[in-house]
Structures are given as structure tokens and as C-alpha cells.
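Coordinates from data.pdb are shown below (PDB, C-alpha atoms).
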```pdb
MODEL        1
ATOM      1  CA  MET A 547    -156.929 -83.463  94.410
ATOM      2  CA  GLY A 548    -153.845 -84.072  96.430
ATOM      3  CA  ARG A 549    -150.341 -85.092  95.712
ATOM      4  CA  LYS A 550    -147.917 -84.664  98.610
ATOM      5  CA  GLY A 551    -144.204 -84.909  99.139
ATOM      6  CA  GLN A 552    -144.272 -88.137  97.267
ATOM      7  CA  ALA A 553    -145.463 -89.131  93.896
ATOM      8  CA  ALA A 554    -148.759 -89.594  95.366
ATOM      9  CA  ALA A 555    -152.083 -88.206  94.428
ATOM     10  CA  ALA A 556    -151.118 -86.896  91.080
ATOM     11  CA  ALA A 557    -153.722 -89.122  89.659
ATOM     12  CA  THR A 558    -156.685 -87.618  91.452
ATOM     13  CA  PRO A 559    -159.905 -87.459  89.465
ATOM     14  CA  VAL A 560    -161.008 -83.925  88.662
ATOM     15  CA  ALA A 561    -164.433 -84.562  90.107
ATOM     16  CA  GLN A 562    -162.822 -85.218  93.481
ATOM     17  CA  ALA A 563    -160.924 -81.935  93.565
ATOM     18  CA  PRO A 564    -162.914 -79.833  96.040
ATOM     19  CA  GLN A 565    -162.495 -76.119  96.212
ATOM     20  CA  GLY A 566    -161.571 -75.578  99.832
ATOM     21  CA  PRO A 567    -160.132 -72.941 102.140
ATOM     22  CA  ALA A 568    -157.296 -70.569 101.425
ATOM     23  CA  ILE A 569    -153.775 -71.902 100.983
ATOM     24  CA  GLY A 570    -151.788 -72.025 104.197
ATOM     25  CA  GLY A 571    -152.748 -71.511 107.811
ATOM     26  CA  PRO A 572    -151.320 -72.727 111.135
ATOM     27  CA  SER A 573    -152.056 -76.413 110.491
ATOM     28  CA  TRP A 574    -151.404 -76.542 106.726
ATOM     29  CA  TYR A 575    -148.275 -78.694 106.962
ATOM     30  CA  THR A 576    -149.234 -80.732 110.009
ATOM     31  CA  ASP A 577    -152.579 -81.626 108.424
ATOM     32  CA  ALA A 578    -150.757 -82.834 105.313
ATOM     33  CA  ALA A 579    -148.367 -84.908 107.402
ATOM     34  CA  THR A 580    -151.289 -86.453 109.282
ATOM     35  CA  TYR A 581    -153.080 -87.305 106.043
ATOM     36  CA  TRP A 582    -150.068 -88.981 104.429
ATOM     37  CA  GLY A 583    -149.402 -90.881 107.627
ATOM     38  CA  THR A 584    -152.631 -92.806 106.903
ATOM     39  CA  VAL A 585    -151.714 -93.702 103.314
ATOM     40  CA  ASN A 586    -150.382 -97.164 102.461
ATOM     41  CA  SER A 587    -146.655 -97.416 101.740
ATOM     42  CA  ASP A 588    -147.024 -98.862  98.256
ATOM     43  CA  VAL A 589    -147.357 -97.666  94.679
ATOM     44  CA  GLN A 590    -151.145 -97.621  94.816
ATOM     45  CA  GLY A 591    -150.964 -95.428  97.905
ATOM     46  CA  MET A 592    -148.495 -93.084  96.218
ATOM     47  CA  LEU A 593    -150.744 -92.712  93.171
ATOM     48  CA  GLY A 594    -154.180 -92.823  94.767
ATOM     49  CA  GLY A 595    -155.078 -96.168  93.197
ATOM     50  CA  PHE A 596    -153.590 -95.341  89.787
ATOM     51  CA  GLY A 597    -150.379 -97.310  90.179
ATOM     52  CA  HIS A 598    -150.654 -98.612  86.621
ATOM     53  CA  LEU A 599    -149.718 -95.120  85.381
ATOM     54  CA  THR A 600    -146.142 -95.507  86.622
ATOM     55  CA  GLU A 601    -144.760 -96.906  83.362
ATOM     56  CA  ILE A 602    -146.163 -94.219  81.060
ATOM     57  CA  ASP A 603    -145.403 -91.481  83.600
ATOM     58  CA  CYS A 604    -141.758 -92.380  84.035
ATOM     59  CA  LYS A 605    -141.195 -93.190  80.350
ATOM     60  CA  SER A 606    -142.430 -89.693  79.465
ATOM     61  CA  SER A 607    -140.135 -88.107  82.048
ATOM     62  CA  ILE A 608    -137.095 -89.994  80.728
ATOM     63  CA  GLU A 609    -137.867 -88.873  77.184
ATOM     64  CA  PHE A 610    -138.479 -85.309  78.315
ATOM     65  CA  ILE A 611    -135.054 -84.792  79.873
ATOM     66  CA  ASP A 612    -133.099 -86.941  77.413
ATOM     67  CA  GLU A 613    -131.737 -84.000  75.412
ATOM     68  CA  PHE A 614    -130.337 -82.423  78.575
ATOM     69  CA  VAL A 615    -128.403 -85.507  79.664
ATOM     70  CA  ASN A 616    -127.542 -87.062  76.296
ATOM     71  CA  GLY A 617    -127.558 -84.112  73.922
ATOM     72  CA  LYS A 618    -129.448 -83.983  70.627
ATOM     73  CA  GLN A 619    -129.106 -83.561  66.895
ATOM     74  CA  ASN A 620    -130.154 -80.340  65.224
ATOM     75  CA  GLY A 621    -132.235 -81.666  62.357
ATOM     76  CA  SER A 622    -131.890 -78.633  60.113
ATOM     77  CA  GLU A 623    -128.117 -78.332  60.422
ATOM     78  CA  ASN A 624    -127.226 -81.849  61.543
ATOM     79  CA  VAL A 625    -125.193 -80.388  64.397
ATOM     80  CA  GLU A 626    -125.008 -82.242  67.690
ATOM     81  CA  VAL A 627    -125.996 -80.234  70.756
ATOM     82  CA  PRO A 628    -123.959 -81.540  73.716
ATOM     83  CA  PRO A 629    -125.522 -82.547  77.038
ATOM     84  CA  ARG A 630    -126.166 -79.700  79.481
ATOM     85  CA  ILE A 631    -125.831 -81.715  82.689
ATOM     86  CA  GLY A 632    -123.971 -84.710  84.018
ATOM     87  CA  LYS A 633    -125.487 -88.009  85.150
ATOM     88  CA  GLY A 634    -123.922 -88.102  88.597
ATOM     89  CA  LEU A 635    -126.522 -87.206  91.221
ATOM     90  CA  ALA A 636    -130.206 -86.273  91.143
ATOM     91  CA  CYS A 637    -132.490 -85.230  93.988
ATOM     92  CA  ASP A 638    -135.969 -86.773  94.159
ATOM     93  CA  CYS A 639    -138.140 -84.260  96.023
ATOM     94  CA  GLY A 640    -141.340 -85.657  97.493
ATOM     95  CA  ALA A 641    -139.917 -89.119  96.888
ATOM     96  CA  GLY A 642    -142.480 -91.227  98.728
ATOM     97  CA  ILE A 643    -141.379 -94.867  98.590
ATOM     98  CA  GLY A 644    -139.056 -94.127  95.664
ATOM     99  CA  ARG A 645    -141.359 -94.755  92.702
ATOM    100  CA  VAL A 646    -139.816 -91.995  90.571
ATOM    101  CA  SER A 647    -136.268 -92.764  91.708
ATOM    102  CA  LYS A 648    -136.653 -96.441  90.824
ATOM    103  CA  HIS A 649    -138.430 -96.152  87.482
ATOM    104  CA  PHE A 650    -137.035 -92.852  86.190
ATOM    105  CA  LEU A 651    -134.117 -91.150  87.917
ATOM    106  CA  LEU A 652    -131.933 -94.216  88.502
ATOM    107  CA  LYS A 653    -132.388 -95.189  84.868
ATOM    108  CA  VAL A 654    -130.704 -91.904  83.944
ATOM    109  CA  PHE A 655    -128.473 -90.898  86.881
ATOM    110  CA  GLU A 656    -125.861 -92.848  88.782
ATOM    111  CA  ARG A 657    -127.142 -91.908  92.242
ATOM    112  CA  VAL A 658    -130.042 -90.117  93.935
ATOM    113  CA  ASP A 659    -130.963 -88.435  97.200
ATOM    114  CA  MET A 660    -134.559 -88.984  98.313
ATOM    115  CA  VAL A 661    -136.345 -86.165 100.174
ATOM    116  CA  GLU A 662    -139.617 -87.204 101.830
ATOM    117  CA  GLN A 663    -141.383 -85.941 104.928
ATOM    118  CA  THR A 664    -143.222 -89.190 105.789
ATOM    119  CA  PRO A 665    -140.716 -91.462 107.603
ATOM    120  CA  LYS A 666    -142.570 -94.714 106.918
ATOM    121  CA  PHE A 667    -142.308 -94.120 103.166
ATOM    122  CA  LEU A 668    -138.541 -93.756 103.344
ATOM    123  CA  LYS A 669    -138.337 -96.865 105.509
ATOM    124  CA  GLU A 670    -140.301 -98.823 102.911
ATOM    125  CA  ALA A 671    -138.013 -97.505 100.180
ATOM    126  CA  GLU A 672    -134.853 -98.497 102.057
ATOM    127  CA  ASP A 673    -136.063-101.826 103.444
ATOM    128  CA  SER A 674    -137.960-103.190 100.477
ATOM    129  CA  TYR A 675    -139.222-101.173  97.517
ATOM    130  CA  MET A 676    -135.923-100.013  96.017
ATOM    131  CA  GLY A 677    -134.492-103.527  96.133
ATOM    132  CA  GLN A 678    -130.934-104.614  96.867
ATOM    133  CA  ASP A 679    -129.570-103.537  93.496
ATOM    134  CA  LEU A 680    -130.844 -99.950  93.696
ATOM    135  CA  VAL A 681    -130.866 -99.075  97.381
ATOM    136  CA  GLY A 682    -127.078 -98.845  97.348
ATOM    137  CA  ARG A 683    -127.358 -96.077  94.769
ATOM    138  CA  VAL A 684    -129.377 -93.881  97.125
ATOM    139  CA  ASP A 685    -126.861 -91.556  98.777
ATOM    140  CA  ARG A 686    -129.211 -90.011 101.320
ATOM    141  CA  PHE A 687    -132.689 -90.653 102.685
ATOM    142  CA  ILE A 688    -133.742 -87.186 103.882
ATOM    143  CA  PRO A 689    -136.866 -87.097 106.133
ATOM    144  CA  LYS A 690    -137.993 -83.525 105.499
ATOM    145  CA  GLY A 691    -140.789 -81.640 103.809
ATOM    146  CA  LEU A 692    -139.700 -79.290 101.042
ATOM    147  CA  GLN A 693    -140.564 -76.284 103.209
ATOM    148  CA  ASP A 694    -137.727 -77.396 105.537
ATOM    149  CA  PHE A 695    -135.253 -78.774 103.000
ATOM    150  CA  THR A 696    -132.107 -76.852 102.062
ATOM    151  CA  PRO A 697    -129.856 -78.611  99.509
ATOM    152  CA  ASP A 698    -126.119 -78.662 100.046
ATOM    153  CA  GLU A 699    -124.413 -76.110  97.837
ATOM    154  CA  GLY A 700    -123.408 -77.355  94.378
ATOM    155  CA  ARG A 701    -124.519 -80.938  95.028
ATOM    156  CA  TYR A 702    -126.988 -81.878  92.269
ATOM    157  CA  ASP A 703    -127.026 -82.266  88.496
ATOM    158  CA  LEU A 704    -130.836 -82.350  88.625
ATOM    159  CA  ILE A 705    -133.399 -81.493  91.293
ATOM    160  CA  TRP A 706    -136.694 -83.135  90.330
ATOM    161  CA  THR A 707    -140.020 -82.334  92.017
ATOM    162  CA  GLN A 708    -143.122 -84.270  91.018
ATOM    163  CA  TRP A 709    -146.664 -83.967  92.361
ATOM    164  CA  VAL A 710    -145.454 -82.295  95.542
ATOM    165  CA  LEU A 711    -145.366 -78.521  94.972
ATOM    166  CA  GLY A 712    -149.079 -78.379  95.707
ATOM    167  CA  HIS A 713    -148.228 -78.950  99.349
ATOM    168  CA  LEU A 714    -146.249 -75.726  99.545
ATOM    169  CA  THR A 715    -147.743 -72.324 100.244
ATOM    170  CA  ASP A 716    -146.911 -69.684  97.638
ATOM    171  CA  GLU A 717    -144.278 -68.171  99.916
ATOM    172  CA  ASP A 718    -142.596 -71.508 100.609
ATOM    173  CA  PHE A 719    -142.838 -72.468  96.929
ATOM    174  CA  VAL A 720    -140.742 -69.432  95.971
ATOM    175  CA  ALA A 721    -138.345 -69.890  98.894
ATOM    176  CA  PHE A 722    -137.800 -73.570  98.043
ATOM    177  CA  PHE A 723    -136.676 -72.835  94.486
ATOM    178  CA  GLN A 724    -134.488 -69.984  95.601
ATOM    179  CA  LYS A 725    -132.698 -72.462  97.877
ATOM    180  CA  CYS A 726    -132.492 -74.973  95.042
ATOM    181  CA  LYS A 727    -130.414 -72.608  92.926
ATOM    182  CA  ARG A 728    -127.538 -72.950  95.371
ATOM    183  CA  GLY A 729    -127.953 -76.737  95.458
ATOM    184  CA  LEU A 730    -127.177 -77.196  91.781
ATOM    185  CA  LYS A 731    -123.887 -77.942  90.098
ATOM    186  CA  PRO A 732    -122.854 -75.521  87.332
ATOM    187  CA  ASN A 733    -125.434 -75.883  84.554
ATOM    188  CA  GLY A 734    -127.592 -77.987  86.885
ATOM    189  CA  LEU A 735    -131.305 -78.328  86.146
ATOM    190  CA  ILE A 736    -134.538 -78.293  88.119
ATOM    191  CA  GLY A 737    -137.375 -80.572  87.052
ATOM    192  CA  VAL A 738    -141.036 -80.034  87.954
ATOM    193  CA  LYS A 739    -143.974 -82.241  87.090
ATOM    194  CA  GLU A 740    -147.329 -81.016  88.432
ATOM    195  CA  ASN A 741    -151.079 -81.205  87.990
ATOM    196  CA  VAL A 742    -152.556 -77.972  86.676
ATOM    197  CA  THR A 743    -156.025 -76.456  86.545
ATOM    198  CA  ARG A 744    -157.328 -74.480  83.585
ATOM    199  CA  HIS A 745    -157.878 -71.391  85.706
ATOM    200  CA  GLY A 746    -157.066 -70.263  89.229
ATOM    201  CA  VAL A 747    -156.502 -72.797  91.997
ATOM    202  CA  LEU A 748    -158.263 -75.755  93.576
ATOM    203  CA  VAL A 749    -157.565 -76.336  97.272
ATOM    204  CA  ASP A 750    -157.987 -79.759  98.868
ATOM    205  CA  ALA A 751    -158.551 -79.380 102.611
ATOM    206  CA  GLU A 752    -158.201 -83.124 103.219
ATOM    207  CA  ASP A 753    -154.489 -83.333 102.468
ATOM    208  CA  SER A 754    -153.606 -79.600 102.559
ATOM    209  CA  SER A 755    -152.703 -79.242  98.906
ATOM    210  CA  VAL A 756    -153.449 -76.923  96.033
ATOM    211  CA  THR A 757    -153.593 -77.435  92.292
ATOM    212  CA  ARG A 758    -152.553 -74.259  90.490
ATOM    213  CA  SER A 759    -153.059 -73.151  86.915
ATOM    214  CA  ASP A 760    -150.155 -73.100  84.477
ATOM    215  CA  ALA A 761    -150.179 -69.299  84.577
ATOM    216  CA  ILE A 762    -149.980 -69.178  88.369
ATOM    217  CA  LEU A 763    -147.178 -71.743  88.477
ATOM    218  CA  LYS A 764    -145.165 -69.682  86.009
ATOM    219  CA  GLU A 765    -145.762 -66.513  88.039
ATOM    220  CA  LEU A 766    -144.277 -68.271  91.069
ATOM    221  CA  PHE A 767    -141.356 -69.593  89.016
ATOM    222  CA  THR A 768    -140.623 -66.054  87.884
ATOM    223  CA  LYS A 769    -140.719 -64.790  91.475
ATOM    224  CA  ALA A 770    -138.176 -67.470  92.360
ATOM    225  CA  GLY A 771    -135.901 -66.287  89.553
ATOM    226  CA  LEU A 772    -136.550 -69.228  87.250
ATOM    227  CA  LYS A 773    -137.284 -69.252  83.527
ATOM    228  CA  VAL A 774    -138.955 -72.038  81.556
ATOM    229  CA  ILE A 775    -136.666 -73.467  78.893
ATOM    230  CA  LYS A 776    -138.781 -76.482  77.886
ATOM    231  CA  GLU A 777    -142.321 -77.604  78.600
ATOM    232  CA  ASP A 778    -144.612 -80.404  77.508
ATOM    233  CA  VAL A 779    -147.890 -82.093  78.401
ATOM    234  CA  GLN A 780    -148.133 -85.591  79.863
ATOM    235  CA  LYS A 781    -150.006 -87.766  77.390
ATOM    236  CA  GLY A 782    -151.849 -91.025  77.882
ATOM    237  CA  PHE A 783    -153.464 -90.438  81.281
ATOM    238  CA  PRO A 784    -157.196 -91.214  81.750
ATOM    239  CA  PRO A 785    -159.468 -88.302  80.776
ATOM    240  CA  GLN A 786    -161.131 -88.110  84.199
ATOM    241  CA  LEU A 787    -157.864 -86.956  85.773
ATOM    242  CA  PHE A 788    -156.549 -83.418  85.651
ATOM    243  CA  GLY A 789    -156.254 -82.950  81.910
ATOM    244  CA  VAL A 790    -153.035 -80.917  81.894
ATOM    245  CA  ASN A 791    -150.092 -82.666  83.482
ATOM    246  CA  MET A 792    -147.288 -80.282  82.608
ATOM    247  CA  LEU A 793    -143.619 -81.077  82.363
ATOM    248  CA  VAL A 794    -141.674 -77.846  82.616
ATOM    249  CA  SER A 795    -137.946 -77.164  82.252
ATOM    250  CA  MET A 796    -136.590 -74.018  83.827
ATOM    251  CA  PHE A 797    -133.380 -72.232  84.575
ATOM    252  CA  PRO A 798    -132.609 -69.277  86.844
ATOM    253  CA  TYR A 799    -132.271 -65.843  85.343
ATOM    254  CA  SER A 800    -128.755 -65.753  86.717
ATOM    255  CA  GLY A 801    -127.824 -67.858  83.718
ATOM    256  CA  LEU A 802    -127.415 -71.220  85.425
ATOM    257  CA  PRO A 803    -129.597 -73.725  83.578
ATOM    258  CA  LEU A 804    -132.194 -75.617  85.615
ATOM    259  CA  LEU A 805    -134.854 -78.142  84.739
ATOM    260  CA  LEU A 806    -138.388 -78.021  86.041
ATOM    261  CA  ALA A 807    -141.163 -80.572  85.782
ATOM    262  CA  ARG A 808    -144.324 -81.566  87.720
ATOM    263  CA  HIS A 809    -144.899 -84.393  90.947
ATOM    264  CA  HIS A 810    -145.502 -88.183  90.688
TER     265      HIS A 810
ENDMDL
END
```
Do you think you could lay out the structure here as C-alpha cells?
Amino acid sequence: MGRKGQAAAAATPVAQAPQGPAIGGPSWYTDAATYWGTVNSDVQGMLGGFGHLTEIDCKSSIEFIDEFVNGKQNGSENVEVPPRIGKGLACDCGAGIGRVSKHFLLKVFERVDMVEQTPKFLKEAEDSYMGQDLVGRVDRFIPKGLQDFTPDEGRYDLIWTQWVLGHLTDEDFVAFFQKCKRGLKPNGLIGVKENVTRHGVLVDAEDSSVTRSDAILKELFTKAGLKVIKEDVQKGFPPQLFGVNMLVSMFPYSGLPLLLARHH
């Protein structure tokens, strides 16, 4: 299984998803950091050898959030629904080398912050992968895991997490999203893109990650004060991978809209 603070092992074959120990423990985060320190700083490393999925992955994400950034037509009444968020600044959580920022977020938003706990991935993003044209549109390279990241208040139009929440314990998962609420601009959205199991959880001891069911993810969202406002299934991935790659849009019960989706 696996996925990490970058768009990494989202594409892990189901057959390779061992059921391991309980989530958490004293070395949960250090073991994950050690594992990702051995992974190559390229797209194939980020996606566990499935780098060719980048185009269909990012195209689906762009289409999924389009109505929130560009508005939409109401077919039955032919009434335009205005955009819910601006296109100023997005936060790429678990950014890796910047795969999602490059092929998705910076095709929609003017600027991004990249949050990634593996320093060599951020170095690769800044020195090479993002390229001269895009690297100048990265406001901040933030070398932190999500368990340690606290967004600045009112900073982001969109906070996007993809194939990274599996590295958080349940407690830190809830705490992370509670912190994210304060990091959003008015009407800001949270995006989450994650692998899901059909039932329960699958724990991968190798990279300290867990794949949760859709029901369990939504229980944790609710605990964090979030509510799903749109969800969809990633289509076009090989059948041997986790069959349900959910894109989920959410907003906090406080009334501020947020967008949620799953990791790269």
C-alpha cells in the first residue's frame, strides 16, 4: 500500500497491501520518513512505478474542482452558479517533487505552497522538476509532515491533500483538518484524494501508512468538523490497484466551504 506526504504510492497494487500492525506507535512517523528517504526523487518514485497515471490523475482532478473555481450552468434552469473560491493560492500537501502542483494545481491557481516532509523531494522540485517557468510560482517550500504543519490563518483558496492522509494517525488526521479550517480564506475549500478499501483498514508496516475505507474516512472528516459537498471516483486506473480512488469535496460545519479529495 503506501502513499506518503507526496503523491507517491497511490498506485500500489492491492495484492501488495499487507495487513500490518496497529496505526501509530513511537516510530510511526520516523519509519515513514526513513522509507521515503530511500525513494527516488522522480515521478516513478512518487507513484511507485506508475508514473504514466499522472495525466489521467491530474486531468480528473482539474475537472472535479472546475465548478468551484469557474462556476457552472444549472441545466434545468439555465442559471449560472458563480465560482465559490478564487484562483490565487493553493496548498499542495504531501507535495513530493511537485507532480500535482505542476500538472494540476498550477494549471488552475496562480501560485502554490508545497508542503513535504522529505527534504530531497523539495530540493528536486525547486532545482529541476518544476522548471524555470513554474518554480517562480511556488511561494513556499515547506519541509514538514502534515502532523507538524499549521497553515497561516486565512492564507489559502484551496488546501489539497492527495495520497498522504494514510500517513497520519487518526488523531493527527482530525487535528490536521481542524488546523486547516483556520488556514482557508472565506469560502476556501479543502481537497482530498485518497485510496480506499472496501471495508476496514489495511496497514502497511513498510512505509507506516494506512488505507482506510470510505466510511472510516468520512467518520474522521465528521470528527474534524467537515462535511462532504461533492465526491467522485477516479476512473481509468488499472484494475489491480485499489479499485476505489475517491475524490471528496468537503466543507466545515461552521459554514465555510472546503474542498476535500484524495493523495497523488
Mind running segment 615-674 of chain A against segment 684-687 of chain A at 10 Å and telling me each contacting residue's nearest atom pair with the distance in Å (one decimal), counting all atoms listed in the file, chain and number ascending, as CSV?
```
residue,atom,partner,partner_atom,distance
A:Leu635,CA,A:Asp685,CA,8.7
A:Ala636,CA,A:Val684,CA,9.7
A:Cys637,CA,A:Arg686,CA,9.3
A:Asp638,CA,A:Phe687,CA,9.9
A:Ala641,CA,A:Phe687,CA,9.4
A:Gly644,CA,A:Val684,CA,9.8
A:Ser647,CA,A:Val684,CA,8.8
A:Lys648,CA,A:Val684,CA,10.0
A:Leu652,CA,A:Val684,CA,9.0
A:Glu656,CA,A:Val684,CA,9.1
A:Arg657,CA,A:Val684,CA,5.7
A:Val658,CA,A:Val684,CA,5.0
A:Asp659,CA,A:Arg686,CA,4.7
A:Met660,CA,A:Phe687,CA,5.0
A:Val661,CA,A:Phe687,CA,6.3
A:Glu662,CA,A:Phe687,CA,7.8
A:Pro665,CA,A:Phe687,CA,9.4
A:Leu668,CA,A:Phe687,CA,6.7
A:Lys669,CA,A:Phe687,CA,8.9
A:Ala671,CA,A:Phe687,CA,9.0
A:Glu672,CA,A:Phe687,CA,8.2
```
Written selection (C-alpha atoms) as a PDB file, keeping the file's coordinate frame:
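Below is the file out-v9.pdb, written as the result:
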```pdb
ATOM      1  CA  LEU A 635    -126.522 -87.206  91.221  1.00  0.00           C
ATOM      2  CA  ALA A 636    -130.206 -86.273  91.143  1.00  0.00           C
ATOM      3  CA  CYS A 637    -132.490 -85.230  93.988  1.00  0.00           C
ATOM      4  CA  ASP A 638    -135.969 -86.773  94.159  1.00  0.00           C
ATOM      5  CA  ALA A 641    -139.917 -89.119  96.888  1.00  0.00           C
ATOM      6  CA  GLY A 644    -139.056 -94.127  95.664  1.00  0.00           C
ATOM      7  CA  SER A 647    -136.268 -92.764  91.708  1.00  0.00           C
ATOM      8  CA  LYS A 648    -136.653 -96.441  90.824  1.00  0.00           C
ATOM      9  CA  LEU A 652    -131.933 -94.216  88.502  1.00  0.00           C
ATOM     10  CA  GLU A 656    -125.861 -92.848  88.782  1.00  0.00           C
ATOM     11  CA  ARG A 657    -127.142 -91.908  92.242  1.00  0.00           C
ATOM     12  CA  VAL A 658    -130.042 -90.117  93.935  1.00  0.00           C
ATOM     13  CA  ASP A 659    -130.963 -88.435  97.200  1.00  0.00           C
ATOM     14  CA  MET A 660    -134.559 -88.984  98.313  1.00  0.00           C
ATOM     15  CA  VAL A 661    -136.345 -86.165 100.174  1.00  0.00           C
ATOM     16  CA  GLU A 662    -139.617 -87.204 101.830  1.00  0.00           C
ATOM     17  CA  PRO A 665    -140.716 -91.462 107.603  1.00  0.00           C
ATOM     18  CA  LEU A 668    -138.541 -93.756 103.344  1.00  0.00           C
ATOM     19  CA  LYS A 669    -138.337 -96.865 105.509  1.00  0.00           C
ATOM     20  CA  ALA A 671    -138.013 -97.505 100.180  1.00  0.00           C
ATOM     21  CA  GLU A 672    -134.853 -98.497 102.057  1.00  0.00           C
TER      22      GLU A 672
END
```
For the provided coordinates, the residues matched by the PyMOL selection byres ((chain A and resi 715) around 12) should be stated as a ChimeraX atom specification. /A:568-575,692-693,710-714,716-722,749,754-758,763,766
Where does segment 644-737 of chain A meet segment 582-598 of chain A within 8 Å, residue by residue, with the nearest atom pair and distance in Å to one decimal for each, counting only C-alpha atoms, listed by chain and rising number, as a Markdown table?
```
| residue | atom | partner | partner_atom | distance |
| --- | --- | --- | --- | --- |
| A:Arg645 | CA | A:Val589 | CA | 7.0 |
| A:Thr664 | CA | A:Gly583 | CA | 6.7 |
| A:Lys666 | CA | A:Ser587 | CA | 7.1 |
| A:Phe667 | CA | A:Ser587 | CA | 5.6 |
| A:Glu670 | CA | A:Ser587 | CA | 6.6 |
```
For segment 640-735 of chain A versus segment 602-611 of chain A, which residues have an atom no more than 8 Å away, and what is each residue's nearest atom pair and distance in Å rounded to one decimal, using only C-alpha atoms, chain-then-number order, as JSON lines?
```
{"residue": "A:Val646", "atom": "CA", "partner": "A:Cys604", "partner_atom": "CA", "distance": 6.8}
{"residue": "A:His649", "atom": "CA", "partner": "A:Cys604", "partner_atom": "CA", "distance": 6.1}
{"residue": "A:Phe650", "atom": "CA", "partner": "A:Cys604", "partner_atom": "CA", "distance": 5.2}
{"residue": "A:Leu651", "atom": "CA", "partner": "A:Ile608", "partner_atom": "CA", "distance": 7.9}
{"residue": "A:Val654", "atom": "CA", "partner": "A:Ile608", "partner_atom": "CA", "distance": 7.4}
```
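What separates atom CA of Asp694 of chain A from atom CA of Val779 of chain A is a distance of 29.4 Å.
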Between atom CA of Gln708 of chain A and atom CA of Gly617 of chain A, what distance in Å does the model show, to one decimal? 23.1 Å
Just give me the gap between atom CA of Asn741 of chain A and atom CA of Trp709 of chain A in Å, one decimal is fine. 6.8 Å
Of A:Leu704, A:Ile736, A:Ala578, A:Cys639, the one sitting nearest Ile688 of chain A when using only C-alpha atoms is A:Cys639
Any idea what's packed within 10 Å of Tyr702 of chain A, counting all atoms listed in the file, ignoring anything in its chain fewer than 5 positions away? Could you give it as JSON, numbers by chain? {"A": [631, 632, 633, 634, 635, 636, 637, 658, 659, 697, 726, 727, 728, 729, 730, 731, 732, 733, 734, 735, 736]}
